[in-house]
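Next up, data_9.cif (mmCIF, C-alpha atoms):
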data_protein
#
loop_
_atom_site.label_atom_id
_atom_site.label_comp_id
_atom_site.auth_asym_id
_atom_site.auth_seq_id
_atom_site.Cartn_x
_atom_site.Cartn_y
_atom_site.Cartn_z
CA MET D 1 -30.58 14.04 8.38
CA SER D 2 -28.19 11.18 9.11
CA GLU D 3 -29.82 7.86 9.92
CA LEU D 4 -28.50 5.79 12.81
CA VAL D 5 -28.08 2.63 10.78
CA THR D 6 -24.99 0.51 11.19
CA PRO D 7 -23.54 -2.51 9.47
CA THR D 8 -23.27 -5.62 11.61
CA ALA D 9 -19.94 -7.05 12.68
CA GLU D 10 -20.70 -10.02 10.41
CA ASP D 11 -21.28 -7.67 7.44
CA LEU D 12 -18.01 -5.91 8.17
CA GLN D 13 -16.00 -9.10 8.49
CA ALA D 14 -17.45 -10.42 5.21
CA LEU D 15 -16.54 -7.20 3.40
CA VAL D 16 -13.01 -7.20 4.78
CA GLU D 17 -12.51 -10.84 3.83
CA GLN D 18 -13.78 -10.18 0.30
CA VAL D 19 -11.23 -7.41 -0.20
CA TRP D 20 -8.47 -9.34 1.54
CA THR D 21 -8.87 -12.55 -0.43
CA SER D 22 -9.12 -10.59 -3.70
CA TYR D 23 -5.89 -8.64 -3.31
CA VAL D 24 -3.77 -9.76 -0.37
CA ASP D 25 -4.07 -13.45 0.36
CA PRO D 26 -6.52 -16.11 -0.81
CA GLU D 27 -6.35 -17.61 2.67
CA PRO D 28 -9.09 -16.07 4.84
CA LEU D 29 -8.39 -13.90 7.84
CA LEU D 30 -8.98 -15.53 11.21
CA PRO D 31 -11.05 -14.07 14.05
CA ALA D 32 -8.86 -12.73 16.83
CA ALA D 33 -9.21 -11.30 20.29
CA PRO D 34 -9.64 -7.51 20.38
CA LEU D 35 -6.48 -5.54 21.14
CA ALA D 36 -6.41 -2.13 22.75
CA ASP D 37 -3.64 -1.02 20.38
CA PRO D 38 -3.68 -3.17 17.24
CA GLY D 39 -0.74 -1.51 15.54
CA CYS D 40 1.12 1.48 14.31
CA TRP D 41 -0.41 2.04 10.85
CA SER D 42 -3.88 3.51 10.59
CA ALA D 43 -6.10 4.42 7.66
CA VAL D 44 -9.47 6.11 7.64
CA THR D 45 -12.14 7.07 5.16
CA THR D 46 -15.25 9.12 5.91
CA VAL D 47 -18.77 8.74 4.58
CA THR D 48 -21.02 11.81 4.58
CA GLY D 49 -24.59 12.29 3.44
CA ALA D 50 -27.66 10.26 4.34
CA TRP D 51 -25.37 8.12 6.46
CA ARG D 52 -22.38 9.56 8.29
CA GLY D 53 -19.58 7.42 9.55
CA MET D 54 -15.92 6.53 9.40
CA VAL D 55 -14.17 3.28 8.57
CA THR D 56 -10.72 2.64 10.00
CA VAL D 57 -8.09 -0.04 9.43
CA GLU D 58 -5.27 -0.53 11.95
CA LEU D 59 -2.38 -2.92 11.60
CA PRO D 60 1.24 -3.28 12.67
CA GLU D 61 4.14 -2.10 10.50
CA ARG D 62 5.09 -5.63 9.50
CA ALA D 63 1.55 -6.32 8.28
CA ALA D 64 1.40 -3.02 6.37
CA HIS D 65 4.65 -3.94 4.64
CA ALA D 66 3.40 -7.43 3.82
CA VAL D 67 0.11 -6.04 2.48
CA ALA D 68 2.00 -3.68 0.17
CA THR D 69 4.37 -6.35 -1.13
CA ARG D 70 1.43 -8.72 -1.77
CA MET D 71 -0.73 -6.14 -3.53
CA LEU D 72 2.11 -4.72 -5.59
CA GLU D 73 3.80 -8.11 -6.11
CA VAL D 74 7.21 -6.78 -5.13
CA ALA D 75 9.84 -8.05 -2.69
CA GLU D 76 10.24 -4.72 -0.89
CA ALA D 77 7.85 -1.83 -0.44
CA SER D 78 8.66 1.76 0.41
CA ARG D 79 6.74 3.62 3.12
CA GLU D 80 4.95 5.52 0.35
CA GLU D 81 3.87 2.23 -1.21
CA MET D 82 2.78 0.92 2.19
CA ALA D 83 0.63 4.01 2.72
CA ASP D 84 -0.86 3.69 -0.75
CA ALA D 85 -1.70 0.00 -0.32
CA VAL D 86 -3.23 0.44 3.15
CA GLY D 87 -5.14 3.46 1.84
CA GLU D 88 -6.57 1.41 -1.01
CA LEU D 89 -7.62 -1.28 1.47
CA VAL D 90 -9.60 1.18 3.60
CA ASN D 91 -10.99 2.77 0.44
CA MET D 92 -12.41 -0.54 -0.76
CA VAL D 93 -13.75 -1.56 2.65
CA GLY D 94 -15.21 1.91 3.18
CA GLY D 95 -16.82 1.93 -0.25
CA ASN D 96 -18.47 -1.40 0.44
CA VAL D 97 -19.66 -0.31 3.89
CA LYS D 98 -21.15 2.79 2.23
CA SER D 99 -23.00 0.57 -0.25
CA LEU D 100 -24.88 -1.08 2.65
CA MET D 101 -25.99 2.21 4.16
CA PRO D 102 -28.72 4.71 3.17
CA GLU D 103 -28.07 6.79 0.05
CA PRO D 104 -27.10 9.30 -1.15
CA SER D 105 -23.70 9.62 0.46
CA GLN D 106 -20.11 10.39 -0.50
CA LEU D 107 -16.87 8.63 0.35
CA SER D 108 -13.80 10.74 1.14
CA LEU D 109 -10.31 10.05 -0.14
CA PRO D 110 -8.48 7.83 2.37
CA MET D 111 -6.08 9.21 4.97
CA VAL D 112 -3.19 7.03 6.13
CA ALA D 113 -0.83 7.57 9.04
CA SER D 114 2.15 5.75 10.41
CA GLY D 115 0.75 5.98 13.90
CA SER D 116 -2.76 6.40 15.18
CA ILE D 117 -5.41 8.72 13.77
CA THR D 118 -7.41 10.74 16.25
CA LEU D 119 -11.09 10.51 15.45
CA PRO D 120 -13.56 13.32 16.16
CA SER D 121 -14.85 13.37 19.73
CA GLY D 122 -18.39 12.57 18.55
CA ALA D 123 -17.36 9.42 16.68
CA GLN D 124 -18.85 6.35 18.29
CA GLU D 125 -17.69 2.84 17.48
CA ALA D 126 -20.59 0.96 15.88
CA CYS D 127 -18.95 -2.35 15.05
CA ARG D 128 -15.51 -3.87 14.58
CA ALA D 129 -13.77 -6.85 13.09
CA ASP D 130 -10.73 -8.13 15.02
CA LEU D 131 -8.83 -10.41 12.71
CA ALA D 132 -5.46 -12.08 12.45
CA TRP D 133 -3.28 -12.73 9.42
CA GLN D 134 -0.08 -14.72 9.74
CA GLY D 135 -0.13 -14.03 13.46
CA MET D 136 -0.51 -10.27 12.99
CA PRO D 137 -3.58 -8.34 14.16
CA ILE D 138 -5.77 -6.48 11.66
CA THR D 139 -8.54 -4.36 13.17
CA VAL D 140 -11.29 -2.77 11.11
CA ARG D 141 -13.84 -0.51 12.76
CA VAL D 142 -16.92 1.41 11.75
CA HIS D 143 -17.71 4.59 13.68
CA LEU D 144 -20.91 6.58 13.59
CA LEU D 145 -20.53 10.34 13.34
CA GLU D 146 -22.80 12.59 15.31
CA ASN D 147 -24.12 15.71 13.63
CA ASP D 148 -21.21 17.99 14.41
CA ALA D 149 -18.44 15.39 14.40
CA GLU D 150 -17.08 15.22 10.89
CA GLY D 151 -13.58 14.54 9.61
CA ALA D 152 -10.53 13.16 11.34
CA ALA D 153 -8.17 15.35 13.29
CA MET P 1 -4.60 -1.87 -28.37
CA ARG P 2 -3.92 0.99 -25.95
CA ALA P 3 -5.47 1.42 -22.51
CA LEU P 4 -5.24 4.29 -20.01
CA ILE P 5 -5.63 3.51 -16.30
CA ILE P 6 -6.81 6.49 -14.24
CA ASP P 7 -6.58 5.98 -10.48
CA ASP P 8 -4.92 7.97 -7.71
CA SER P 9 -3.78 4.74 -6.04
CA LYS P 10 -0.51 3.37 -7.40
CA THR P 11 -1.47 0.01 -5.92
CA MET P 12 -4.68 -0.14 -7.95
CA ARG P 13 -2.87 1.03 -11.09
CA VAL P 14 -0.36 -1.80 -10.66
CA ILE P 15 -3.14 -4.37 -10.20
CA LEU P 16 -5.04 -3.15 -13.27
CA ARG P 17 -1.87 -2.83 -15.34
CA ARG P 18 -1.06 -6.47 -14.61
CA ILE P 19 -4.50 -7.59 -15.77
CA LEU P 20 -4.45 -5.50 -18.95
CA THR P 21 -0.87 -6.36 -19.85
CA ASP P 22 -1.68 -10.06 -19.50
CA LEU P 23 -4.50 -9.48 -21.99
CA GLY P 24 -2.07 -7.85 -24.42
CA PHE P 25 -2.91 -4.17 -23.90
CA GLU P 26 -0.31 -1.42 -24.14
CA VAL P 27 -0.90 0.52 -20.90
CA ALA P 28 -0.47 4.14 -19.85
CA GLU P 29 -1.34 5.55 -16.42
CA ALA P 30 -2.66 8.77 -14.90
CA GLY P 31 -3.18 9.70 -11.24
CA ASP P 32 -6.32 11.82 -11.73
CA GLY P 33 -8.73 12.99 -14.39
CA GLN P 34 -6.78 16.12 -15.26
CA GLN P 35 -3.58 14.16 -15.85
CA ALA P 36 -5.56 11.73 -17.96
CA LEU P 37 -6.90 14.53 -20.17
CA THR P 38 -3.30 15.69 -20.71
CA VAL P 39 -2.25 12.15 -21.65
CA MET P 40 -5.10 11.96 -24.16
CA GLU P 41 -4.33 15.36 -25.63
CA THR P 42 -0.60 14.78 -26.01
CA GLY P 43 -0.07 11.08 -26.48
CA PRO P 44 -1.49 8.40 -28.71
CA LEU P 45 -5.22 8.11 -28.07
CA PRO P 46 -6.19 5.04 -26.02
CA GLU P 47 -9.03 2.80 -27.16
CA LEU P 48 -9.97 2.10 -23.52
CA CYS P 49 -9.94 4.07 -20.27
CA LEU P 50 -10.39 2.42 -16.86
CA ILE P 51 -11.51 5.16 -14.49
CA ASP P 52 -11.70 5.46 -10.72
CA TRP P 53 -14.40 7.76 -9.35
CA ASN P 54 -12.92 9.33 -6.21
CA MET P 55 -9.68 11.08 -7.11
CA PRO P 56 -8.09 14.42 -6.20
CA VAL P 57 -7.91 17.29 -8.71
CA MET P 58 -10.49 15.85 -11.12
CA ASP P 59 -12.77 12.92 -10.30
CA GLY P 60 -13.72 10.16 -12.68
CA TYR P 61 -17.25 11.39 -13.35
CA THR P 62 -15.98 14.81 -14.42
CA PHE P 63 -13.37 13.12 -16.62
CA VAL P 64 -16.12 11.13 -18.38
CA THR P 65 -18.15 14.27 -19.07
CA ARG P 66 -15.05 16.08 -20.38
CA VAL P 67 -14.14 13.21 -22.70
CA ARG P 68 -17.67 13.07 -24.06
CA ASP P 69 -17.47 16.79 -24.90
CA VAL P 70 -14.72 16.08 -27.45
CA PRO P 71 -16.10 14.67 -30.72
CA GLU P 72 -12.69 13.26 -31.74
CA TRP P 73 -12.73 11.05 -28.63
CA ARG P 74 -16.20 9.59 -29.15
CA ASP P 75 -14.83 6.12 -29.98
CA VAL P 76 -12.86 5.81 -26.74
CA THR P 77 -14.43 3.14 -24.49
CA LEU P 78 -14.87 4.34 -20.90
CA MET P 79 -15.16 1.86 -18.05
CA MET P 80 -15.56 2.96 -14.44
CA VAL P 81 -13.60 0.80 -11.94
CA THR P 82 -14.46 2.13 -8.52
CA THR P 83 -15.71 1.58 -4.98
CA GLU P 84 -18.52 4.05 -5.76
CA SER P 85 -21.47 1.67 -5.85
CA SER P 86 -24.57 3.76 -5.26
CA HIS P 87 -27.28 3.11 -7.83
CA GLY P 88 -27.71 6.81 -8.47
CA ASN P 89 -24.06 7.35 -9.31
CA ILE P 90 -23.87 4.27 -11.53
CA VAL P 91 -26.81 5.64 -13.52
CA ARG P 92 -25.16 9.10 -13.64
CA ALA P 93 -21.90 7.69 -14.97
CA LEU P 94 -23.58 5.58 -17.62
CA ALA P 95 -25.81 8.50 -18.65
CA ALA P 96 -22.71 10.72 -18.94
CA GLY P 97 -21.13 8.32 -21.38
CA ALA P 98 -19.39 5.51 -19.51
CA HIS P 99 -19.89 2.16 -21.25
CA GLU P 100 -19.37 -0.19 -18.31
CA TYR P 101 -19.10 -0.14 -14.55
CA VAL P 102 -17.03 -2.43 -12.31
CA ILE P 103 -17.16 -2.19 -8.52
CA LYS P 104 -14.06 -2.85 -6.40
CA PRO P 105 -13.05 -5.38 -5.26
CA PHE P 106 -13.03 -7.15 -8.62
CA THR P 107 -11.37 -10.24 -9.98
CA PRO P 108 -9.26 -10.32 -13.16
CA ASP P 109 -11.98 -12.49 -14.69
CA ALA P 110 -14.60 -9.80 -14.02
CA ILE P 111 -12.50 -7.22 -15.90
CA GLN P 112 -11.92 -9.63 -18.76
CA GLU P 113 -15.63 -10.49 -19.01
CA LYS P 114 -16.57 -6.82 -19.22
CA LEU P 115 -13.95 -6.22 -21.92
CA GLU P 116 -15.25 -9.23 -23.86
CA LEU P 117 -18.78 -7.81 -23.66
CA LEU P 118 -17.42 -4.54 -25.05
CA GLY P 119 -15.68 -6.40 -27.88
CA LEU P 120 -12.23 -5.26 -26.77
CA VAL P 121 -11.07 -8.74 -25.78
CA LYS P 122 -11.60 -11.93 -27.76
CA ASP P 123 -10.29 -15.39 -26.91
CA GLY P 124 -8.45 -14.03 -23.89
CA ALA P 125 -6.51 -11.34 -25.73
CA ALA P 126 -6.98 -7.71 -26.75
CA ALA P 127 -8.95 -7.73 -30.01
#
Would you mind writing the file's structure down as structure tokens?
Amino acid sequence: MSELVTPTAEDLQALVEQVWTSYVDPEPLLPAAPLADPGCWSAVTTVTGAWRGMVTVELPERAAHAVATRMLEVAEASREEMADAVGELVNMVGGNVKSLMPEPSQLSLPMVASGSITLPSGAQEACRADLAWQGMPITVRVHLLENDAEGAA
Amino acid sequence: MRALIIDDSKTMRVILRRILTDLGFEVAEAGDGQQALTVMETGPLPELCLIDWNMPVMDGYTFVTRVRDVPEWRDVTLMMVTTESSHGNIVRALAAGAHEYVIKPFTPDAIQEKLELLGLVKDGAAA
């Protein structure tokens, strides 16, 4: 049975900053005001098992492009490269969120969309990190999945 | 010295390639465990494999077990580089024949230190 344990917002922000400073920019992300619609690129990974939840990353197109060029160390990034880089970001954040939660559990492969991803109706936001990088919003959220709410639509 | 990077993320392959190339490795890449087996069967055998866990087609754990089934590949060093950080799965991978385990995110220094411990890097360069 899934346990209703959640990471704290502080845990989440620390995990995101660890990934960010390792691969994107050594300068830390800054706290930002929550936005209703943080951007047009979304990535999600799902944890199933003793703990069930989803981790999402949302950011604007310009940030997704900048993330890809930083991680790949290239001047220009294709949309495929942007999707891959944003997917790897959510994969690393999701894997580290999973490590804080009850075991055993499994992490799905990431899904990335240019646009928003519709989460299952039973997904409930548990915590979020609203951050800013070079003036661009980066929002990372953890959602709890109820028993019958699994997978993104 | 030859290394094979096995990860479905191009971004992660690029990051690892940069680290290994700087250390003097000759690097090949594969996007999943099945592709990696093909590379090992058809190309020059690598001395080192860096292996992600969660991949489509064939995951990293299955790849490790398949490599360890081949006596001619027993000297290949297998290092997991993955977000999969549960204690149970780390133990499983090591029991199946992986030599080392690195959890993402990692620093280049962390990779180098592990390779030094394995005797594959000495004085900052592939041994």
Length of the atom CA of Asp109 of chain P to atom CA of Leu16 of chain P vector [Å]:
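Taking atom CA of Asp109 of chain P as the start and atom CA of Leu16 of chain P as the end point, the length is 11.7 Å.
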* To do: Counting only C-alpha atoms, collect the residues of chain P whose closest atom lies at most 6 Å from chain D, and write them out as a list in words.
  =>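 Every residue of chain P that passes the 6 Å test is in Thr11, Thr83, Ser85 and Pro105 of chain P.
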Neighbour list for segment 52-62 of chain P as a PyMOL selection string, cut-off 8 Å, only C-alpha atoms, skip fewer than 5 positions in-chain | (chain D and resi 107-109) or (chain P and resi 6-8+31-34+80-84+93+96)
Can you list, as a ChimeraX atom specification, the residues that the PyMOL selection byres ((chain D and resi 124-140) around 8) selects here? /D:6-9,12-13,16,29-35,38-39,55-60,63,122-123,141-146
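Taking atom CA of Arg13 of chain P and atom CA of Glu29 of chain P as endpoints, the distance between them is 7.2 Å.
The result of the PyMOL selection byres ((chain P and resi 67) around 10) on the shown file is P:Gly33, P:Ala36, P:Leu37, P:Met40, P:Thr62, P:Phe63, P:Val64, P:Thr65, P:Arg66, P:Arg68, P:Asp69, P:Val70, P:Pro71, P:Glu72, P:Trp73, P:Arg74, P:Val76, P:Leu78, P:Ala96, P:Gly97, P:Ala98.
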note - atom CA of Thr118 of chain D and atom CA of Ser78 of chain D are separated by 24.3 Å
* Please write as a PyMOL selection string the full residue list that the PyMOL selection byres ((chain D and resi 111) around 6) yields on this file. => chain D and resi 43-44+110+112
In terms of only C-alpha atoms, the residue from D:Ser121, D:Asp25, D:Asp11, D:Val47 at minimal distance from Val67 of chain D is D:Asp25
